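The file run.json contains JSON, C-alpha atoms:
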```json
[["chain", "number", "residue", "atom", "x", "y", "z"],
["O", 195, "MET", "CA", 90.00, -32.49, 34.52],
["O", 196, "GLN", "CA", 86.68, -30.67, 34.51],
["O", 197, "LYS", "CA", 88.06, -27.96, 32.21],
["O", 198, "ASN", "CA", 89.30, -30.63, 29.81],
["O", 199, "VAL", "CA", 85.92, -32.36, 29.80],
["O", 200, "GLN", "CA", 84.16, -29.12, 28.90],
["O", 201, "GLU", "CA", 86.79, -27.98, 26.42],
["O", 202, "PHE", "CA", 87.20, -31.27, 24.56],
["O", 203, "GLY", "CA", 83.97, -33.02, 25.52],
["O", 204, "THR", "CA", 82.54, -33.32, 22.03],
["O", 205, "LYS", "CA", 85.66, -34.88, 20.50],
["O", 206, "PHE", "CA", 86.53, -37.11, 23.44],
["O", 207, "GLU", "CA", 83.13, -37.56, 25.05],
["O", 208, "SER", "CA", 83.43, -41.31, 25.64],
["O", 209, "VAL", "CA", 87.04, -40.90, 26.84],
["O", 210, "CYS", "CA", 85.97, -38.25, 29.33],
["O", 211, "ALA", "CA", 83.26, -40.54, 30.68],
["O", 212, "VAL", "CA", 85.80, -43.30, 31.26],
["O", 213, "LEU", "CA", 88.28, -40.92, 32.89],
["O", 214, "GLU", "CA", 85.58, -39.59, 35.20],
["O", 215, "LYS", "CA", 84.46, -43.12, 36.08],
["O", 216, "TYR", "CA", 88.00, -43.86, 37.30],
["O", 217, "GLU", "CA", 88.39, -40.38, 38.83],
["O", 218, "CYS", "CA", 91.46, -39.71, 36.66],
["O", 219, "ASN", "CA", 93.45, -42.15, 38.77],
["O", 220, "PRO", "CA", 96.70, -42.95, 36.96],
["O", 221, "HIS", "CA", 96.86, -46.28, 38.81],
["O", 222, "MET", "CA", 93.76, -47.32, 36.86],
["O", 223, "LEU", "CA", 95.45, -46.85, 33.46],
["O", 224, "VAL", "CA", 94.95, -50.45, 32.28],
["O", 225, "PRO", "CA", 91.17, -50.56, 32.87],
["O", 226, "ILE", "CA", 90.88, -47.04, 31.46],
["O", 227, "LEU", "CA", 92.64, -48.13, 28.26],
["O", 228, "GLN", "CA", 90.54, -51.32, 28.11],
["O", 229, "GLU", "CA", 87.30, -49.34, 28.17],
["O", 230, "ILE", "CA", 88.58, -46.80, 25.67],
["O", 231, "GLN", "CA", 89.67, -49.58, 23.31],
["O", 232, "ALA", "CA", 86.22, -51.15, 23.64],
["O", 233, "ALA", "CA", 84.70, -47.84, 22.52],
["O", 234, "TYR", "CA", 87.08, -47.16, 19.61],
["O", 235, "SER", "CA", 88.11, -50.74, 18.71],
["O", 236, "TYR", "CA", 91.72, -49.58, 19.10],
["O", 237, "LEU", "CA", 93.76, -46.91, 20.91],
["O", 238, "PRO", "CA", 94.17, -43.81, 18.73],
["O", 239, "LYS", "CA", 97.33, -41.78, 19.34],
["O", 240, "ASP", "CA", 95.47, -38.53, 20.04],
["O", 241, "VAL", "CA", 93.29, -40.32, 22.60],
["O", 242, "MET", "CA", 96.35, -41.74, 24.38],
["O", 243, "ASN", "CA", 97.88, -38.26, 24.50],
["O", 244, "TYR", "CA", 94.63, -36.89, 25.92],
["O", 245, "VAL", "CA", 94.54, -39.65, 28.56],
["O", 246, "ALA", "CA", 98.15, -38.91, 29.53],
["O", 247, "ASN", "CA", 97.36, -35.23, 29.96],
["O", 248, "ALA", "CA", 94.22, -35.95, 31.98],
["O", 249, "LEU", "CA", 96.04, -38.39, 34.26],
["O", 250, "GLY", "CA", 99.10, -36.18, 34.68],
["O", 251, "VAL", "CA", 101.50, -38.78, 33.27],
["O", 252, "THR", "CA", 103.76, -38.70, 30.24],
["O", 253, "PRO", "CA", 102.45, -39.85, 26.85],
["O", 254, "GLY", "CA", 105.35, -42.31, 26.87],
["O", 255, "SER", "CA", 103.95, -43.96, 29.99],
["O", 256, "VAL", "CA", 100.55, -44.47, 28.39],
["O", 257, "PHE", "CA", 102.11, -45.67, 25.12],
["O", 258, "GLY", "CA", 104.39, -48.01, 27.08],
["O", 259, "VAL", "CA", 101.43, -49.70, 28.76],
["O", 260, "ALA", "CA", 99.50, -49.85, 25.48],
["O", 261, "THR", "CA", 102.39, -51.57, 23.70],
["O", 262, "PHE", "CA", 103.39, -53.85, 26.58],
["O", 263, "TYR", "CA", 100.09, -55.71, 26.82],
["O", 264, "SER", "CA", 99.22, -57.76, 23.74],
["O", 265, "HIS", "CA", 95.47, -57.24, 24.10],
["O", 266, "PHE", "CA", 95.86, -53.55, 23.26],
["O", 267, "THR", "CA", 96.07, -52.47, 19.63],
["O", 268, "LEU", "CA", 97.16, -49.17, 18.14],
["O", 269, "GLU", "CA", 95.60, -49.84, 14.76],
["O", 270, "PRO", "CA", 91.93, -50.18, 13.85],
["O", 271, "LYS", "CA", 90.80, -53.78, 13.42],
["O", 272, "GLY", "CA", 88.20, -55.21, 11.14],
["O", 273, "LYS", "CA", 84.82, -56.57, 12.14],
["O", 274, "TYR", "CA", 86.23, -60.08, 11.73],
["O", 275, "VAL", "CA", 89.64, -60.65, 13.30],
["O", 276, "ILE", "CA", 91.25, -63.74, 11.79],
["O", 277, "ARG", "CA", 94.05, -65.23, 13.86],
["O", 278, "VAL", "CA", 96.15, -67.89, 12.18],
["O", 279, "CYS", "CA", 98.23, -70.02, 14.51],
["O", 280, "ASP", "CA", 101.84, -70.43, 13.42],
["O", 281, "GLY", "CA", 102.99, -72.40, 16.46],
["O", 282, "THR", "CA", 105.09, -75.50, 15.92],
["O", 283, "ALA", "CA", 102.23, -77.97, 15.28],
["O", 284, "CYS", "CA", 100.46, -75.58, 12.92],
["O", 285, "HIS", "CA", 103.64, -74.49, 11.20],
["O", 286, "VAL", "CA", 104.68, -78.04, 10.29],
["O", 287, "ARG", "CA", 101.17, -78.58, 8.93],
["O", 288, "LYS", "CA", 101.64, -75.60, 6.60],
["O", 289, "SER", "CA", 99.96, -72.70, 8.39],
["O", 290, "THR", "CA", 102.07, -70.33, 6.28],
["O", 291, "GLU", "CA", 100.04, -71.49, 3.25],
["O", 292, "ILE", "CA", 96.87, -70.59, 5.12],
["O", 293, "ILE", "CA", 98.24, -67.12, 5.88],
["O", 294, "LYS", "CA", 99.22, -66.58, 2.23],
["O", 295, "THR", "CA", 95.81, -67.77, 1.06],
["O", 296, "PHE", "CA", 94.03, -65.34, 3.39],
["O", 297, "GLN", "CA", 96.30, -62.55, 2.16],
["O", 298, "ALA", "CA", 95.53, -63.36, -1.47],
["O", 299, "GLU", "CA", 91.77, -63.67, -0.87],
["O", 300, "LEU", "CA", 91.54, -60.46, 1.16],
["O", 301, "GLY", "CA", 94.04, -58.32, -0.76],
["O", 302, "LEU", "CA", 96.41, -58.08, 2.21],
["O", 303, "ASP", "CA", 100.16, -58.43, 2.56],
["O", 304, "GLU", "CA", 102.80, -58.52, 5.29],
["O", 305, "LYS", "CA", 102.42, -54.79, 5.96],
["O", 306, "THR", "CA", 98.65, -54.40, 5.49],
["O", 307, "HIS", "CA", 96.65, -56.44, 7.96],
["O", 308, "THR", "CA", 93.17, -54.91, 7.67],
["O", 309, "THR", "CA", 91.05, -54.73, 4.55],
["O", 310, "GLU", "CA", 90.15, -51.29, 3.20],
["O", 311, "ASP", "CA", 86.50, -51.83, 4.09],
["O", 312, "ASN", "CA", 87.51, -52.66, 7.71],
["O", 313, "LEU", "CA", 85.75, -55.99, 7.42],
["O", 314, "PHE", "CA", 88.73, -58.30, 8.02],
["O", 315, "THR", "CA", 91.95, -58.14, 10.01],
["O", 316, "LEU", "CA", 94.52, -60.91, 9.60],
["O", 317, "GLU", "CA", 96.91, -61.70, 12.45],
["O", 318, "GLU", "CA", 99.55, -64.37, 12.83],
["O", 319, "VAL", "CA", 99.77, -65.67, 16.40],
["O", 320, "ALA", "CA", 102.28, -67.89, 18.15],
["O", 321, "CYS", "CA", 99.78, -70.37, 19.59],
["O", 322, "ILE", "CA", 96.02, -70.73, 19.88],
["O", 323, "GLY", "CA", 96.26, -73.76, 22.14],
["O", 324, "ALA", "CA", 94.46, -76.23, 19.92],
["O", 325, "CYS", "CA", 97.41, -78.17, 18.52],
["O", 326, "GLY", "CA", 95.30, -81.26, 17.85],
["O", 327, "LEU", "CA", 93.34, -79.22, 15.28],
["O", 328, "ALA", "CA", 96.45, -77.97, 13.46],
["O", 329, "PRO", "CA", 96.54, -75.93, 11.41],
["O", 330, "VAL", "CA", 93.99, -73.92, 13.33],
["O", 331, "ILE", "CA", 92.53, -70.43, 13.03],
["O", 332, "THR", "CA", 90.00, -68.34, 14.86],
["O", 333, "ILE", "CA", 87.65, -65.78, 13.40],
["O", 334, "ASN", "CA", 86.57, -63.68, 16.34],
["O", 335, "GLU", "CA", 85.50, -66.40, 18.81],
["O", 336, "ASP", "CA", 84.91, -69.19, 16.27],
["O", 337, "VAL", "CA", 87.59, -71.90, 15.97],
["O", 338, "TYR", "CA", 88.31, -73.70, 12.69],
["O", 339, "GLY", "CA", 90.67, -76.65, 12.60],
["O", 340, "ALA", "CA", 92.43, -78.80, 10.01],
["O", 341, "MET", "CA", 92.56, -75.81, 7.69],
["O", 342, "THR", "CA", 93.48, -76.13, 4.05],
["O", 343, "LYS", "CA", 93.78, -73.61, 1.24],
["O", 344, "GLU", "CA", 90.36, -74.71, 0.00],
["O", 345, "LYS", "CA", 88.73, -74.31, 3.43],
["O", 346, "THR", "CA", 90.31, -70.88, 3.71],
["O", 347, "VAL", "CA", 88.81, -69.73, 0.41],
["O", 348, "GLU", "CA", 85.41, -71.10, 1.44],
["O", 349, "LEU", "CA", 85.49, -69.33, 4.82],
["O", 350, "VAL", "CA", 86.28, -65.98, 3.22],
["O", 351, "LYS", "CA", 83.47, -66.52, 0.74],
["O", 352, "LYS", "CA", 81.06, -67.48, 3.55],
["O", 353, "TYR", "CA", 81.82, -64.38, 5.65],
["O", 354, "LYS", "CA", 81.62, -62.06, 2.64],
["O", 355, "GLU", "CA", 78.27, -63.56, 1.60],
["O", 356, "GLU", "CA", 76.91, -63.18, 5.15],
["O", 357, "GLU", "CA", 77.98, -59.53, 5.18],
["O", 358, "ALA", "CA", 76.38, -58.89, 1.79],
["O", 359, "ALA", "CA", 73.15, -60.52, 2.97],
["O", 360, "ASN", "CA", 73.09, -58.35, 6.12],
["O", 361, "ALA", "CA", 73.91, -55.12, 4.31]]
```
Would you give me this structure, written as C-alpha coordinates?
Amino acid sequence: MQKNVQEFGTKFESVCAVLEKYECNPHMLVPILQEIQAAYSYLPKDVMNYVANALGVTPGSVFGVATFYSHFTLEPKGKYVIRVCDGTACHVRKSTEIIKTFQAELGLDEKTHTTEDNLFTLEEVACIGACGLAPVITINEDVYGAMTKEKTVELVKKYKEEEAANA
(Lines of atoms letter the chains of each structure in order from A and count residues from 1; the text may use other names and numbers.)
(Lines give C-alpha, C1' and ligand atoms only; values in the text may rest on other atoms or scores of the structure.)
Protein backbone atom coordinates (compact mmCIF):
# COMPACT_ATOMS: atom_id res chain seq x y z
CA MET A 1 0.00 0.00 0.00
CA GLN A 2 2.78 2.43 0.84
CA LYS A 3 4.07 2.34 -2.75
CA ASN A 4 0.57 3.10 -4.03
CA VAL A 5 0.20 6.02 -1.63
CA GLN A 6 3.45 7.55 -2.85
CA GLU A 7 2.85 6.76 -6.50
CA PHE A 8 -0.76 7.94 -6.69
CA GLY A 9 -0.92 10.17 -3.63
CA THR A 10 -1.69 13.41 -5.44
CA LYS A 11 -4.60 12.01 -7.46
CA PHE A 12 -6.06 9.86 -4.70
CA GLU A 13 -4.82 11.69 -1.61
CA SER A 14 -8.11 11.57 0.30
CA VAL A 15 -8.65 7.93 -0.74
CA CYS A 16 -5.22 6.99 0.53
CA ALA A 17 -5.93 8.65 3.87
CA VAL A 18 -9.12 6.62 4.25
CA LEU A 19 -7.40 3.39 3.25
CA GLU A 20 -4.61 4.02 5.75
CA LYS A 21 -7.13 4.83 8.48
CA TYR A 22 -8.68 1.38 7.99
CA GLU A 23 -5.27 -0.27 7.46
CA CYS A 24 -6.36 -1.53 4.02
CA ASN A 25 -8.63 -4.05 5.70
CA PRO A 26 -10.99 -5.48 3.07
CA HIS A 27 -13.49 -6.28 5.84
CA MET A 28 -13.90 -2.53 6.32
CA LEU A 29 -15.03 -1.94 2.72
CA VAL A 30 -18.41 -0.40 3.62
CA PRO A 31 -17.02 2.29 5.97
CA ILE A 32 -14.17 2.91 3.52
CA LEU A 33 -16.67 3.52 0.71
CA GLN A 34 -18.83 5.69 3.00
CA GLU A 35 -15.92 7.99 3.78
CA ILE A 36 -14.80 8.13 0.16
CA GLN A 37 -18.33 8.99 -0.96
CA ALA A 38 -18.44 11.75 1.65
CA ALA A 39 -15.27 13.21 0.13
CA TYR A 40 -16.31 12.93 -3.54
CA SER A 41 -20.13 13.08 -3.18
CA TYR A 42 -20.24 9.82 -5.15
CA LEU A 43 -18.05 6.80 -5.93
CA PRO A 44 -16.05 7.36 -9.12
CA LYS A 45 -15.15 4.23 -11.09
CA ASP A 46 -11.40 4.90 -11.05
CA VAL A 47 -11.52 5.36 -7.27
CA MET A 48 -13.35 2.04 -6.80
CA ASN A 49 -10.74 0.31 -8.96
CA TYR A 50 -7.98 1.91 -6.89
CA VAL A 51 -9.67 0.77 -3.65
CA ALA A 52 -9.99 -2.78 -5.00
CA ASN A 53 -6.30 -2.86 -5.88
CA ALA A 54 -5.28 -1.44 -2.50
CA LEU A 55 -7.45 -3.94 -0.61
CA GLY A 56 -6.42 -6.91 -2.74
CA VAL A 57 -9.98 -7.67 -3.87
CA THR A 58 -11.55 -7.71 -7.31
CA PRO A 59 -13.08 -4.52 -8.73
CA GLY A 60 -16.29 -6.54 -9.08
CA SER A 61 -16.39 -7.05 -5.32
CA VAL A 62 -16.12 -3.33 -4.65
CA PHE A 63 -18.65 -2.51 -7.37
CA GLY A 64 -20.99 -5.19 -5.99
CA VAL A 65 -20.99 -3.60 -2.54
CA ALA A 66 -21.38 -0.11 -4.01
CA THR A 67 -24.43 -1.15 -6.04
CA PHE A 68 -26.00 -3.36 -3.36
CA TYR A 69 -26.44 -0.63 -0.77
CA SER A 70 -28.84 2.12 -1.79
CA HIS A 71 -26.97 4.85 0.10
CA PHE A 72 -24.05 4.57 -2.32
CA THR A 73 -24.18 6.40 -5.64
CA LEU A 74 -22.04 5.99 -8.72
CA GLU A 75 -23.05 9.31 -10.23
CA PRO A 76 -22.34 12.82 -8.97
CA LYS A 77 -25.28 14.42 -7.19
CA GLY A 78 -26.30 18.03 -7.03
CA LYS A 79 -26.05 20.31 -4.04
CA TYR A 80 -29.80 19.86 -3.52
CA VAL A 81 -31.05 16.28 -3.75
CA ILE A 82 -34.80 16.27 -4.36
CA ARG A 83 -36.52 13.00 -3.51
CA VAL A 84 -40.10 12.64 -4.68
CA CYS A 85 -42.07 9.88 -3.01
CA ASP A 86 -44.00 7.68 -5.43
CA GLY A 87 -45.30 5.22 -2.84
CA THR A 88 -48.96 4.25 -2.93
CA ALA A 89 -50.35 7.22 -0.96
CA CYS A 90 -48.27 9.72 -2.90
CA HIS A 91 -48.89 8.06 -6.25
CA VAL A 92 -52.68 8.21 -5.90
CA ARG A 93 -52.32 11.88 -4.98
CA LYS A 94 -50.49 12.51 -8.26
CA SER A 95 -46.80 12.43 -7.33
CA THR A 96 -46.01 11.69 -10.99
CA GLU A 97 -47.21 15.23 -11.79
CA ILE A 98 -44.77 16.55 -9.20
CA ILE A 99 -41.93 14.58 -10.80
CA LYS A 100 -42.82 15.88 -14.27
CA THR A 101 -43.03 19.44 -12.98
CA PHE A 102 -39.58 19.18 -11.39
CA GLN A 103 -38.22 17.75 -14.64
CA ALA A 104 -39.71 20.60 -16.66
CA GLU A 105 -38.51 23.29 -14.23
CA LEU A 106 -34.98 21.88 -13.96
CA GLY A 107 -34.48 20.74 -17.56
CA LEU A 108 -34.25 17.08 -16.58
CA ASP A 109 -35.77 13.92 -18.00
CA GLU A 110 -36.00 10.21 -17.19
CA LYS A 111 -32.34 9.66 -18.11
CA THR A 112 -30.81 12.90 -16.79
CA HIS A 113 -31.24 13.30 -13.05
CA THR A 114 -28.75 16.05 -12.23
CA THR A 115 -28.73 19.56 -13.63
CA GLU A 116 -25.73 20.64 -15.69
CA ASP A 117 -24.68 23.11 -13.00
CA ASN A 118 -24.75 20.28 -10.39
CA LEU A 119 -27.20 22.27 -8.31
CA PHE A 120 -30.13 19.82 -8.32
CA THR A 121 -30.54 16.06 -8.47
CA LEU A 122 -34.03 14.59 -8.84
CA GLU A 123 -34.76 11.10 -7.51
CA GLU A 124 -37.96 9.10 -7.37
CA VAL A 125 -38.18 6.99 -4.21
CA ALA A 126 -40.55 4.24 -3.15
CA CYS A 127 -41.48 5.70 0.23
CA ILE A 128 -40.42 8.57 2.44
CA GLY A 129 -42.56 7.43 5.35
CA ALA A 130 -44.78 10.49 5.62
CA CYS A 131 -47.93 9.20 3.95
CA GLY A 132 -50.14 11.66 5.80
CA LEU A 133 -48.37 14.47 3.94
CA ALA A 134 -48.85 12.91 0.50
CA PRO A 135 -47.64 13.79 -1.99
CA VAL A 136 -44.41 14.44 -0.14
CA ILE A 137 -40.87 15.35 -1.16
CA THR A 138 -37.60 16.04 0.56
CA ILE A 139 -34.91 18.46 -0.49
CA ASN A 140 -31.82 17.32 1.36
CA GLU A 141 -33.18 17.07 4.93
CA ASP A 142 -36.19 19.39 4.50
CA VAL A 143 -39.63 17.76 4.12
CA TYR A 144 -42.42 19.33 2.07
CA GLY A 145 -45.91 17.87 2.11
CA ALA A 146 -49.17 18.26 0.22
CA MET A 147 -47.20 19.14 -2.90
CA THR A 148 -48.84 20.58 -5.97
CA LYS A 149 -47.49 21.69 -9.33
CA GLU A 150 -47.63 25.28 -8.12
CA LYS A 151 -45.74 24.52 -4.89
CA THR A 152 -43.14 22.66 -6.94
CA VAL A 153 -42.53 25.66 -9.20
CA GLU A 154 -42.28 27.94 -6.15
CA LEU A 155 -39.76 25.67 -4.40
CA VAL A 156 -37.50 25.56 -7.44
CA LYS A 157 -37.71 29.33 -7.71
CA LYS A 158 -36.93 29.73 -3.99
CA TYR A 159 -33.83 27.50 -4.11
CA LYS A 160 -32.54 29.13 -7.29
CA GLU A 161 -33.01 32.61 -5.79
CA GLU A 162 -31.19 31.56 -2.60
CA GLU A 163 -28.29 30.24 -4.67
CA ALA A 164 -28.12 33.43 -6.73
CA ALA A 165 -28.12 35.52 -3.55
CA ASN A 166 -25.27 33.44 -2.07
CA ALA A 167 -23.18 33.45 -5.24
Which protein, DNA or RNA residues are at most 6 Å from (97.6, -77.1, 9.4) in the file's coordinates when you count all atoms listed in the file, listed as a PyMOL selection string? chain O and resi 284+287-289+328-329+340-341
Name the residues in contact with region 252-256 of chain O at a cut-off of 10 Å, using all atoms listed in the file, excluding same-chain residues fewer than 2 positions from it; report them as a PDB file with C-alpha atoms, keeping the file's coordinate frame.
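Everything below was put into selection.pdb:
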```pdb
ATOM      1  CA  PRO O 220      96.700 -42.950  36.960  1.00  0.00           C
ATOM      2  CA  LEU O 223      95.450 -46.850  33.460  1.00  0.00           C
ATOM      3  CA  VAL O 224      94.950 -50.450  32.280  1.00  0.00           C
ATOM      4  CA  LEU O 227      92.640 -48.130  28.260  1.00  0.00           C
ATOM      5  CA  LYS O 239      97.330 -41.780  19.340  1.00  0.00           C
ATOM      6  CA  ASP O 240      95.470 -38.530  20.040  1.00  0.00           C
ATOM      7  CA  MET O 242      96.350 -41.740  24.380  1.00  0.00           C
ATOM      8  CA  ASN O 243      97.880 -38.260  24.500  1.00  0.00           C
ATOM      9  CA  TYR O 244      94.630 -36.890  25.920  1.00  0.00           C
ATOM     10  CA  VAL O 245      94.540 -39.650  28.560  1.00  0.00           C
ATOM     11  CA  ALA O 246      98.150 -38.910  29.530  1.00  0.00           C
ATOM     12  CA  ASN O 247      97.360 -35.230  29.960  1.00  0.00           C
ATOM     13  CA  LEU O 249      96.040 -38.390  34.260  1.00  0.00           C
ATOM     14  CA  GLY O 250      99.100 -36.180  34.680  1.00  0.00           C
ATOM     15  CA  GLY O 258     104.390 -48.010  27.080  1.00  0.00           C
ATOM     16  CA  VAL O 259     101.430 -49.700  28.760  1.00  0.00           C
ATOM     17  CA  ALA O 260      99.500 -49.850  25.480  1.00  0.00           C
ATOM     18  CA  THR O 261     102.390 -51.570  23.700  1.00  0.00           C
ATOM     19  CA  PHE O 262     103.390 -53.850  26.580  1.00  0.00           C
TER      20      PHE O 262
END
```
Looking at all atoms listed in the file, which of O:Thr315, O:Thr308, O:Ser235, O:Thr342 is the one that sits closest to His265 (chain O)? O:Ser235
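Candidate residues O:Pro225, O:Gly301, O:Pro270, O:Gly326 were compared for distance to Gly339 (chain O), and the nearest is O:Gly326, using all atoms listed in the file.
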Considering all atoms listed in the file, can you say which of O:Phe314, O:Tyr338, O:Phe206, O:Tyr216 comes closest to Phe296 (chain O)? O:Phe314
Could you tell me, as a list in words, which residues have any atom at most 10 Å from (96.5, -70.8, 4.8), counting all atoms listed in the file? Val278, Cys279, Arg287, Lys288, Ser289, Thr290, Glu291, Ile292, Ile293, Lys294, Thr295, Phe296, Gln297, Ala298, Pro329, Val330, Ile331, Met341, Thr342, Lys343, Glu344, Lys345, Thr346 and Val347 of chain O
CA of Lys305 (chain O) and CA of Val350 (chain O) are how many Å apart?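 It comes out at 19.8 Å.
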Would you mind writing region 306-326 of chain O with N, CA, C and O atoms, as a PDB file, in the coordinates of the input?
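Okay, part_36.pdb is ready:
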```pdb
ATOM      1  N   THR O 306     100.054 -54.789   5.374  1.00  0.00           N
ATOM      2  CA  THR O 306      98.650 -54.400   5.490  1.00  0.00           C
ATOM      3  C   THR O 306      97.878 -55.565   6.060  1.00  0.00           C
ATOM      4  O   THR O 306      97.798 -56.619   5.442  1.00  0.00           O
ATOM      5  N   HIS O 307      97.314 -55.358   7.250  1.00  0.00           N
ATOM      6  CA  HIS O 307      96.650 -56.440   7.960  1.00  0.00           C
ATOM      7  C   HIS O 307      95.124 -56.311   7.990  1.00  0.00           C
ATOM      8  O   HIS O 307      94.433 -57.259   8.354  1.00  0.00           O
ATOM      9  N   THR O 308      94.616 -55.137   7.641  1.00  0.00           N
ATOM     10  CA  THR O 308      93.170 -54.910   7.670  1.00  0.00           C
ATOM     11  C   THR O 308      92.703 -54.487   6.286  1.00  0.00           C
ATOM     12  O   THR O 308      93.337 -53.652   5.639  1.00  0.00           O
ATOM     13  N   THR O 309      91.591 -55.068   5.861  1.00  0.00           N
ATOM     14  CA  THR O 309      91.050 -54.730   4.550  1.00  0.00           C
ATOM     15  C   THR O 309      90.571 -53.280   4.531  1.00  0.00           C
ATOM     16  O   THR O 309      90.244 -52.715   5.570  1.00  0.00           O
ATOM     17  N   GLU O 310      90.542 -52.692   3.338  1.00  0.00           N
ATOM     18  CA  GLU O 310      90.150 -51.290   3.200  1.00  0.00           C
ATOM     19  C   GLU O 310      88.751 -51.015   3.722  1.00  0.00           C
ATOM     20  O   GLU O 310      88.471 -49.927   4.209  1.00  0.00           O
ATOM     21  N   ASP O 311      87.867 -52.006   3.617  1.00  0.00           N
ATOM     22  CA  ASP O 311      86.500 -51.830   4.090  1.00  0.00           C
ATOM     23  C   ASP O 311      86.352 -52.097   5.593  1.00  0.00           C
ATOM     24  O   ASP O 311      85.248 -52.085   6.130  1.00  0.00           O
ATOM     25  N   ASN O 312      87.479 -52.358   6.270  1.00  0.00           N
ATOM     26  CA  ASN O 312      87.510 -52.660   7.710  1.00  0.00           C
ATOM     27  C   ASN O 312      86.652 -53.866   8.075  1.00  0.00           C
ATOM     28  O   ASN O 312      86.145 -53.960   9.184  1.00  0.00           O
ATOM     29  N   LEU O 313      86.530 -54.795   7.154  1.00  0.00           N
ATOM     30  CA  LEU O 313      85.750 -55.990   7.420  1.00  0.00           C
ATOM     31  C   LEU O 313      86.610 -57.092   8.038  1.00  0.00           C
ATOM     32  O   LEU O 313      86.173 -57.781   8.948  1.00  0.00           O
ATOM     33  N   PHE O 314      87.849 -57.224   7.552  1.00  0.00           N
ATOM     34  CA  PHE O 314      88.730 -58.300   8.020  1.00  0.00           C
ATOM     35  C   PHE O 314      90.074 -57.762   8.484  1.00  0.00           C
ATOM     36  O   PHE O 314      90.632 -56.857   7.870  1.00  0.00           O
ATOM     37  N   THR O 315      90.579 -58.354   9.563  1.00  0.00           N
ATOM     38  CA  THR O 315      91.950 -58.140  10.010  1.00  0.00           C
ATOM     39  C   THR O 315      92.589 -59.508  10.120  1.00  0.00           C
ATOM     40  O   THR O 315      92.005 -60.430  10.694  1.00  0.00           O
ATOM     41  N   LEU O 316      93.789 -59.647   9.570  1.00  0.00           N
ATOM     42  CA  LEU O 316      94.520 -60.910   9.600  1.00  0.00           C
ATOM     43  C   LEU O 316      95.715 -60.771  10.539  1.00  0.00           C
ATOM     44  O   LEU O 316      96.522 -59.859  10.384  1.00  0.00           O
ATOM     45  N   GLU O 317      95.801 -61.681  11.501  1.00  0.00           N
ATOM     46  CA  GLU O 317      96.910 -61.700  12.450  1.00  0.00           C
ATOM     47  C   GLU O 317      97.525 -63.087  12.500  1.00  0.00           C
ATOM     48  O   GLU O 317      96.812 -64.089  12.455  1.00  0.00           O
ATOM     49  N   GLU O 318      98.823 -63.117  12.608  1.00  0.00           N
ATOM     50  CA  GLU O 318      99.550 -64.370  12.830  1.00  0.00           C
ATOM     51  C   GLU O 318      99.881 -64.429  14.307  1.00  0.00           C
ATOM     52  O   GLU O 318     100.416 -63.471  14.863  1.00  0.00           O
ATOM     53  N   VAL O 319      99.521 -65.536  14.965  1.00  0.00           N
ATOM     54  CA  VAL O 319      99.770 -65.670  16.400  1.00  0.00           C
ATOM     55  C   VAL O 319     100.656 -66.874  16.671  1.00  0.00           C
ATOM     56  O   VAL O 319     100.717 -67.811  15.874  1.00  0.00           O
ATOM     57  N   ALA O 320     101.324 -66.845  17.809  1.00  0.00           N
ATOM     58  CA  ALA O 320     102.280 -67.890  18.150  1.00  0.00           C
ATOM     59  C   ALA O 320     101.598 -69.201  18.525  1.00  0.00           C
ATOM     60  O   ALA O 320     102.099 -70.275  18.205  1.00  0.00           O
ATOM     61  N   CYS O 321     100.458 -69.133  19.202  1.00  0.00           N
ATOM     62  CA  CYS O 321      99.780 -70.370  19.590  1.00  0.00           C
ATOM     63  C   CYS O 321      98.343 -70.052  19.987  1.00  0.00           C
ATOM     64  O   CYS O 321      98.089 -69.104  20.725  1.00  0.00           O
ATOM     65  N   ILE O 322      97.432 -70.862  19.503  1.00  0.00           N
ATOM     66  CA  ILE O 322      96.020 -70.730  19.880  1.00  0.00           C
ATOM     67  C   ILE O 322      95.687 -71.714  20.986  1.00  0.00           C
ATOM     68  O   ILE O 322      94.752 -71.522  21.737  1.00  0.00           O
ATOM     69  N   GLY O 323      96.478 -72.769  21.093  1.00  0.00           N
ATOM     70  CA  GLY O 323      96.260 -73.760  22.140  1.00  0.00           C
ATOM     71  C   GLY O 323      95.348 -74.891  21.723  1.00  0.00           C
ATOM     72  O   GLY O 323      94.718 -75.521  22.559  1.00  0.00           O
ATOM     73  N   ALA O 324      95.283 -75.137  20.436  1.00  0.00           N
ATOM     74  CA  ALA O 324      94.460 -76.230  19.920  1.00  0.00           C
ATOM     75  C   ALA O 324      95.293 -77.045  18.931  1.00  0.00           C
ATOM     76  O   ALA O 324      94.901 -77.255  17.782  1.00  0.00           O
ATOM     77  N   CYS O 325      96.433 -77.509  19.392  1.00  0.00           N
ATOM     78  CA  CYS O 325      97.410 -78.170  18.520  1.00  0.00           C
ATOM     79  C   CYS O 325      96.841 -79.406  17.819  1.00  0.00           C
ATOM     80  O   CYS O 325      97.239 -79.725  16.705  1.00  0.00           O
ATOM     81  N   GLY O 326      95.903 -80.078  18.455  1.00  0.00           N
ATOM     82  CA  GLY O 326      95.300 -81.260  17.850  1.00  0.00           C
ATOM     83  C   GLY O 326      94.476 -80.931  16.611  1.00  0.00           C
ATOM     84  O   GLY O 326      94.167 -81.822  15.828  1.00  0.00           O
TER      85      GLY O 326
END
```
